[in-house]
$ cat target-v6.cif   # mmCIF, C-alpha atoms
data_run
#
loop_
_atom_site.label_atom_id
_atom_site.label_comp_id
_atom_site.auth_asym_id
_atom_site.auth_seq_id
_atom_site.Cartn_x
_atom_site.Cartn_y
_atom_site.Cartn_z
CA MET A 13 14.17 -3.76 -10.63
CA LYS A 14 13.17 -7.43 -10.66
CA ILE A 15 9.68 -8.38 -9.45
CA LEU A 16 8.15 -11.85 -9.24
CA MET A 17 4.35 -12.02 -9.20
CA GLY A 18 2.36 -15.05 -8.12
CA THR A 19 0.15 -15.29 -11.21
CA LYS A 20 0.27 -15.64 -14.99
CA ASN A 21 -2.89 -13.52 -15.41
CA PRO A 22 -1.90 -10.82 -17.94
CA GLY A 23 -4.37 -8.24 -16.56
CA LYS A 24 -3.04 -8.57 -13.02
CA ILE A 25 0.57 -8.44 -14.23
CA LYS A 26 -0.11 -5.32 -16.30
CA GLY A 27 -1.83 -3.57 -13.38
CA ALA A 28 1.07 -4.35 -11.04
CA LYS A 29 3.67 -3.28 -13.61
CA LEU A 30 1.89 0.05 -14.22
CA ALA A 31 1.80 0.71 -10.48
CA PHE A 32 5.52 0.03 -10.00
CA GLU A 33 6.39 2.07 -13.12
CA THR A 34 4.58 5.03 -11.58
CA TYR A 35 7.42 5.28 -9.03
CA PHE A 36 10.37 3.26 -10.34
CA ASP A 37 12.42 2.96 -13.52
CA ALA A 38 13.42 -0.22 -15.33
CA VAL A 39 10.67 -2.41 -13.89
CA GLU A 40 10.82 -6.05 -14.93
CA ILE A 41 7.94 -8.19 -13.72
CA GLN A 42 7.70 -11.93 -14.25
CA GLY A 43 4.50 -13.84 -13.60
CA ILE A 44 4.87 -17.27 -12.06
CA SER A 45 1.94 -19.67 -11.86
CA VAL A 46 1.64 -20.59 -8.19
CA CYS A 47 -1.18 -21.87 -6.04
CA SER A 48 -3.03 -19.53 -3.69
CA GLU A 49 -4.09 -22.49 -1.52
CA VAL A 50 -7.49 -20.84 -0.88
CA SER A 51 -10.94 -21.08 -2.46
CA ASP A 52 -11.31 -20.25 -6.13
CA GLU A 53 -13.49 -17.34 -4.99
CA PRO A 54 -11.66 -16.14 -1.86
CA LEU A 55 -13.93 -14.87 0.90
CA ASN A 56 -13.00 -12.36 3.58
CA HIS A 57 -9.69 -13.35 5.23
CA GLU A 58 -8.94 -15.85 2.45
CA MET A 59 -7.91 -12.93 0.23
CA MET A 60 -5.07 -12.06 2.60
CA GLN A 61 -4.15 -15.72 3.05
CA GLY A 62 -4.12 -16.22 -0.73
CA CYS A 63 -1.72 -13.30 -1.18
CA GLU A 64 0.54 -14.58 1.60
CA ASN A 65 0.57 -18.08 0.08
CA ARG A 66 1.33 -16.78 -3.40
CA ILE A 67 4.25 -14.73 -2.07
CA LYS A 68 5.54 -17.71 -0.08
CA ASN A 69 5.39 -19.80 -3.26
CA VAL A 70 7.12 -17.24 -5.52
CA LYS A 71 9.84 -16.80 -2.89
CA LYS A 72 10.38 -20.55 -2.96
CA TYR A 73 10.51 -20.42 -6.77
CA ALA A 74 13.13 -17.64 -6.61
CA LYS A 75 15.23 -19.57 -4.10
CA ASP A 76 14.99 -22.83 -6.07
CA ASN A 77 16.07 -21.00 -9.23
CA ASN A 78 18.75 -18.76 -7.66
CA LEU A 79 16.95 -15.57 -8.71
CA ASP A 80 17.84 -12.19 -7.27
CA VAL A 81 14.49 -10.46 -6.75
CA ASP A 82 13.73 -6.99 -5.37
CA TYR A 83 9.99 -7.51 -4.74
CA PHE A 84 7.62 -10.43 -4.46
CA VAL A 85 4.02 -9.51 -5.20
CA ALA A 86 0.58 -11.08 -5.25
CA SER A 87 -2.99 -10.07 -5.92
CA GLU A 88 -6.25 -11.75 -4.97
CA ALA A 89 -9.70 -10.67 -6.00
CA GLY A 90 -12.52 -11.88 -3.82
CA LEU A 91 -15.56 -11.09 -1.79
CA ILE A 92 -15.73 -9.34 1.55
CA ASN A 93 -18.87 -9.17 3.62
CA THR A 94 -18.85 -5.59 4.84
CA PHE A 95 -21.39 -2.88 5.53
CA GLY A 96 -24.10 -5.56 5.27
CA ASN A 97 -23.20 -6.34 1.65
CA TRP A 98 -20.98 -8.71 -0.25
CA MET A 99 -18.46 -6.62 -2.15
CA ASP A 100 -15.77 -7.51 -4.64
CA PHE A 101 -12.30 -6.09 -3.96
CA ASN A 102 -8.78 -6.64 -5.20
CA LEU A 103 -6.12 -7.04 -2.54
CA ALA A 104 -2.43 -6.57 -3.34
CA MET A 105 0.52 -7.60 -1.21
CA ILE A 106 4.14 -6.60 -1.69
CA GLU A 107 7.15 -8.02 0.11
CA ASN A 108 10.61 -6.62 -0.52
CA LYS A 109 13.80 -8.67 -0.40
CA ASN A 110 14.29 -7.59 3.24
CA GLY A 111 11.00 -9.22 4.26
CA GLU A 112 9.06 -5.97 4.72
CA LYS A 113 5.42 -6.31 3.68
CA SER A 114 2.63 -3.99 2.73
CA ILE A 115 -0.94 -4.45 1.52
CA GLY A 116 -3.40 -2.33 -0.39
CA SER A 117 -6.87 -2.67 -1.83
CA SER A 118 -8.79 -1.41 -4.81
CA ALA A 119 -12.14 0.25 -4.96
CA GLY A 120 -14.88 -2.29 -4.41
CA PHE A 121 -18.33 -2.90 -5.80
CA SER A 122 -21.44 -4.62 -4.47
CA ILE A 123 -22.53 -8.03 -5.67
CA PRO A 124 -26.33 -8.20 -6.08
CA GLU A 125 -27.86 -10.51 -3.49
CA LYS A 126 -29.38 -12.68 -6.26
CA TYR A 127 -25.85 -13.67 -7.40
CA VAL A 128 -24.03 -14.02 -4.08
CA ASP A 129 -24.52 -17.76 -3.46
CA GLU A 130 -23.69 -18.62 -7.07
CA VAL A 131 -20.57 -16.41 -7.04
CA ILE A 132 -19.36 -18.04 -3.81
CA GLU A 133 -20.00 -21.51 -5.26
CA LYS A 134 -18.63 -20.99 -8.79
CA GLU A 135 -16.48 -17.77 -8.86
CA LEU A 136 -17.42 -14.30 -10.03
CA LYS A 137 -15.71 -14.77 -13.41
CA VAL A 138 -18.01 -17.71 -14.24
CA ILE A 139 -21.12 -15.69 -13.44
CA MET A 140 -19.82 -12.63 -15.34
CA ASP A 141 -18.98 -14.76 -18.40
CA ARG A 142 -22.53 -16.13 -18.33
CA ILE A 143 -24.24 -12.78 -17.76
CA PHE A 144 -22.28 -11.06 -20.53
CA ASP A 145 -22.08 -14.12 -22.81
CA SER A 146 -18.29 -13.82 -22.87
CA LYS A 147 -15.20 -15.91 -22.30
CA ASN A 148 -12.29 -15.08 -19.99
CA LEU A 149 -13.52 -11.69 -18.80
CA ASN A 150 -11.06 -11.99 -15.91
CA GLN A 151 -8.03 -11.53 -18.17
CA GLU A 152 -8.01 -7.85 -19.24
CA ASP A 153 -10.99 -5.53 -18.76
CA GLY A 154 -12.77 -8.03 -16.58
CA GLY A 155 -16.40 -8.07 -15.64
CA ILE A 156 -15.92 -4.65 -14.06
CA GLY A 157 -15.15 -3.32 -17.54
CA LYS A 158 -18.59 -4.52 -18.63
CA LEU A 159 -20.29 -3.27 -15.46
CA THR A 160 -18.78 0.23 -15.75
CA HIS A 161 -19.34 0.40 -19.52
CA GLY A 162 -15.61 0.50 -20.17
CA LYS A 163 -14.71 3.18 -17.62
CA ILE A 164 -12.81 0.94 -15.16
CA SER A 165 -10.99 -2.29 -15.99
CA ARG A 166 -9.62 -5.17 -13.98
CA ILE A 167 -6.20 -3.70 -14.76
CA ASP A 168 -7.31 -0.43 -13.13
CA LEU A 169 -8.44 -2.25 -9.97
CA THR A 170 -5.17 -4.16 -9.75
CA TYR A 171 -3.25 -0.93 -10.37
CA GLN A 172 -5.18 0.80 -7.54
CA ALA A 173 -4.48 -2.02 -5.10
CA PHE A 174 -0.75 -2.01 -5.89
CA ILE A 175 -0.48 1.78 -5.67
CA MET A 176 -2.01 1.53 -2.18
CA ALA A 177 0.39 -1.28 -1.23
CA LEU A 178 3.34 0.78 -2.48
CA VAL A 179 2.54 3.65 -0.06
CA LYS A 180 4.79 2.06 2.56
CA PHE A 181 7.70 1.68 0.15
CA ILE A 182 7.57 5.09 -1.55
CA ASN A 183 7.40 7.18 1.62
CA GLY A 184 10.41 5.94 3.53
CA GLU A 185 10.48 6.41 7.28
CA ILE A 186 7.51 8.78 7.48
CA TRP A 187 5.07 5.95 6.69
CA ASN A 188 7.04 3.00 8.01
#
$ encode --input "target-v6.cif" --output "structure tokens"
Amino acid sequence: MKILMGTKNPGKIKGAKLAFETYFDAVEIQGISVCSEVSDEPLNHEMMQGCENRIKNVKKYAKDNNLDVDYFVASEAGLINTFGNWMDFNLAMIENKNGEKSIGSSAGFSIPEKYVDEVIEKELKVIMDRIFDSKNLNQEDGGIGKLTHGKISRIDLTYQAFIMALVKFINGEIWN
């Protein structure tokens, strides 16, 4: 099974690959650096738009390079203002070669009010790197790895989002 993913981020790729391998054999996933065409820290609907744009761009890449692909996938992490709080979620989108789409999300966590404006202006990863005196927390365990004391990683959140997006594809007609 050939999958193109609209990112080169190794943590996101690993999370997506683990999700697909939960249900399918011989999963090959290739990360392609494409633009999301949304804010660096996507807010609300921009998360969905970013996923759609990434899939559009990897589909173009596949067409331009004559690649036979089974699934096109994308993931966007961002902030959603819900329940009176800003929360960080991962959104995953999957489109199969027939044009059928599905989305899923990860568990989310609240952003403290004192950081919200700065996160929106600069990106959560910048703030997390500063708070934890680290570099590139967004690659593997992510800031969530630090916040949960190693119990949940960025890979886990990406995995969750892709498992939820796969619900449509693993249940055939009963969930279509």
$ closest_residue --input "target-v6.cif" --among "A:Thr19, A:Thr170, A:Asn110, A:Ser122" --to "A:Gln42" --atoms "all atoms listed in the file"
A:Thr19
$ closest_residue --input "target-v6.cif" --among "A:Ile41, A:Leu16, A:Ser114, A:Trp98" --to "A:Lys68" --atoms "all atoms listed in the file"
A:Leu16
$ atom_distance --input "target-v6.cif" --atom1 "atom CA of A:Ile15" --atom2 "atom CA of A:Trp187"
22.1 Å
$ closest_residue --input "target-v6.cif" --among "A:Lys180, A:His161, A:Lys20, A:Lys147" --to "A:Val70" --atoms "all atoms listed in the file"
A:Lys20
$ resolve_selection --input "target-v6.cif" --expression "the PyMOL selection byres ((chain A and resi 179) around 12)" --output "PyMOL selection string"
chain A and resi 31-32+34-35+104-106+113-117+172-178+180-188
$ atom_distance --input "target-v6.cif" --atom1 "atom CA of A:Asn108" --atom2 "atom CA of A:Asn65"
15.2 Å
$ residues_around --input "target-v6.cif" --residues "A:Gly62" --least-positions-apart "4" --cutoff "12 Å" --atoms "only C-alpha atoms" --output "MDAnalysis selection string"
chainID A and resid 18:19 46:58 66:69 85:90 102:105
$ closest_residue --input "target-v6.cif" --among "A:Ile25, A:Met99, A:Met60, A:Met17" --to "A:Ala119" --atoms "all atoms listed in the file"
A:Met99
$ closest_residue --input "target-v6.cif" --among "A:Arg142, A:Lys26, A:Asp80, A:Ile92" --to "A:Met59" --atoms "only C-alpha atoms"
A:Ile92
$ residues_around --input "target-v6.cif" --residues "A:Ser165" --least-positions-apart "6" --cutoff "7 Å" --atoms "only C-alpha atoms" --output "list of chain:residue names"
A:Asp153, A:Gly154, A:Ile156, A:Gly157
$ atom_distance --input "target-v6.cif" --atom1 "atom CA of A:Ile164" --atom2 "atom CA of A:Glu133"
25.6 Å
$ closest_residue --input "target-v6.cif" --among "A:Glu125, A:Asp82, A:Asp37, A:Glu135" --to "A:Gly111" --atoms "all atoms listed in the file"
A:Asp82
$ axis_aligned_box --input "target-v6.cif" --around "stretch 15-19 of chain A" --padding-each-side "5 Å" --output "AutoDock Vina command-line options"
--center_x 4.9 --center_y -11.8 --center_z -9.7 --size_x 19.5 --size_y 16.9 --size_z 13.1
$ decode --input "target-v6.cif" --residues "stretch 31-150 of chain A" --atoms "C-alpha atoms" --output "compact mmCIF listing (two decimals), in the first residue's frame"
# COMPACT_ATOMS: atom_id res chain seq x y z
CA ALA A 31 -2.10 3.87 12.40
CA PHE A 32 -2.21 2.37 8.89
CA GLU A 33 -0.14 -0.64 10.02
CA THR A 34 -2.75 -1.34 12.69
CA TYR A 35 -5.14 -2.38 9.89
CA PHE A 36 -3.10 -2.98 6.74
CA ASP A 37 -0.03 -4.94 5.67
CA ALA A 38 2.91 -3.69 3.62
CA VAL A 39 2.41 -0.01 4.35
CA GLU A 40 4.80 2.32 2.55
CA ILE A 41 4.49 5.98 3.48
CA GLN A 42 6.45 8.77 1.83
CA GLY A 43 6.56 12.26 3.26
CA ILE A 44 6.50 15.11 0.78
CA SER A 45 7.22 18.68 1.85
CA VAL A 46 4.21 20.69 0.72
CA CYS A 47 2.70 23.96 1.83
CA SER A 48 -0.42 24.01 4.00
CA GLU A 49 -1.26 27.53 2.77
CA VAL A 50 -2.56 28.46 6.26
CA SER A 51 -1.06 30.15 9.32
CA ASP A 52 1.98 28.60 10.95
CA GLU A 53 -0.25 28.03 13.98
CA PRO A 54 -3.57 27.05 12.38
CA LEU A 55 -6.65 28.28 14.23
CA ASN A 56 -10.09 26.69 14.15
CA HIS A 57 -11.16 26.03 10.53
CA GLU A 58 -7.60 26.60 9.27
CA MET A 59 -6.70 23.11 10.51
CA MET A 60 -9.18 21.55 8.08
CA GLN A 61 -8.13 23.91 5.30
CA GLY A 62 -4.46 23.08 5.92
CA CYS A 63 -5.17 19.35 5.62
CA GLU A 64 -7.17 19.87 2.44
CA ASN A 65 -4.40 22.01 0.93
CA ARG A 66 -1.70 19.50 1.83
CA ILE A 67 -3.69 16.69 0.22
CA LYS A 68 -4.32 18.80 -2.88
CA ASN A 69 -0.58 19.46 -3.10
CA VAL A 70 0.52 15.83 -2.61
CA LYS A 71 -2.03 14.74 -5.22
CA LYS A 72 -0.47 17.22 -7.64
CA TYR A 73 2.97 15.85 -6.75
CA ALA A 74 1.78 12.29 -7.45
CA LYS A 75 0.26 13.31 -10.78
CA ASP A 76 3.35 15.29 -11.84
CA ASN A 77 5.56 12.29 -10.99
CA ASN A 78 3.27 9.55 -12.37
CA LEU A 79 2.94 7.87 -8.96
CA ASP A 80 0.31 5.26 -8.25
CA VAL A 81 -0.91 6.07 -4.73
CA ASP A 82 -3.56 4.33 -2.61
CA TYR A 83 -4.00 7.09 0.01
CA PHE A 84 -3.14 10.75 0.32
CA VAL A 85 -2.87 11.92 3.92
CA ALA A 86 -2.26 15.08 5.90
CA SER A 87 -2.11 16.18 9.50
CA GLU A 88 -2.37 19.63 11.04
CA ALA A 89 -1.90 20.50 14.66
CA GLY A 90 -3.47 23.73 15.79
CA LEU A 91 -5.70 25.54 18.20
CA ILE A 92 -9.46 25.37 18.45
CA ASN A 93 -11.47 27.71 20.60
CA THR A 94 -14.01 25.39 22.18
CA PHE A 95 -15.75 25.04 25.51
CA GLY A 96 -14.50 28.55 26.37
CA ASN A 97 -10.85 27.48 26.10
CA TRP A 98 -8.14 27.38 23.50
CA MET A 99 -7.18 23.75 23.01
CA ASP A 100 -4.49 22.08 20.95
CA PHE A 101 -5.62 19.21 18.71
CA ASN A 102 -4.21 17.19 15.85
CA LEU A 103 -6.46 16.78 12.84
CA ALA A 104 -5.85 14.04 10.27
CA MET A 105 -7.35 13.76 6.81
CA ILE A 106 -7.24 10.76 4.51
CA GLU A 107 -8.29 10.64 0.87
CA ASN A 108 -8.21 7.38 -1.05
CA LYS A 109 -7.46 7.10 -4.76
CA ASN A 110 -11.22 7.16 -5.46
CA GLY A 111 -11.57 10.61 -3.89
CA GLU A 112 -13.31 9.43 -0.70
CA LYS A 113 -12.27 11.48 2.33
CA SER A 114 -12.36 11.06 6.05
CA ILE A 115 -11.13 13.10 9.01
CA GLY A 116 -10.25 12.34 12.59
CA SER A 117 -8.85 14.15 15.58
CA SER A 118 -6.64 13.38 18.53
CA ALA A 119 -7.21 14.04 22.17
CA GLY A 120 -6.75 17.71 22.93
CA PHE A 121 -5.29 19.74 25.74
CA SER A 122 -5.89 23.25 27.05
CA ILE A 123 -3.45 26.07 26.43
CA PRO A 124 -3.06 28.28 29.52
CA GLU A 125 -4.56 31.72 28.93
CA LYS A 126 -1.18 33.36 29.68
CA TYR A 127 0.31 31.70 26.56
CA VAL A 128 -2.57 31.94 24.10
CA ASP A 129 -1.66 35.23 22.37
CA GLU A 130 2.00 34.27 22.11
CA VAL A 131 1.15 30.81 20.73
CA ILE A 132 -1.15 32.34 18.11
CA GLU A 133 1.54 34.86 17.14
CA LYS A 134 4.59 32.57 17.15
CA GLU A 135 3.43 28.88 17.12
CA LEU A 136 3.11 26.46 20.00
CA LYS A 137 6.43 24.76 19.18
CA VAL A 138 8.31 28.04 19.70
CA ILE A 139 6.73 28.58 23.10
CA MET A 140 7.30 24.93 24.12
CA ASP A 141 10.96 25.08 23.05
CA ARG A 142 11.38 28.20 25.19
CA ILE A 143 9.50 26.85 28.23
CA PHE A 144 11.40 23.55 28.20
CA ASP A 145 14.71 25.02 26.98
CA SER A 146 14.71 22.58 24.06
CA LYS A 147 15.06 22.53 20.30
CA ASN A 148 12.65 20.94 17.82
CA LEU A 149 10.21 19.48 20.32
CA ASN A 150 7.71 19.19 17.47
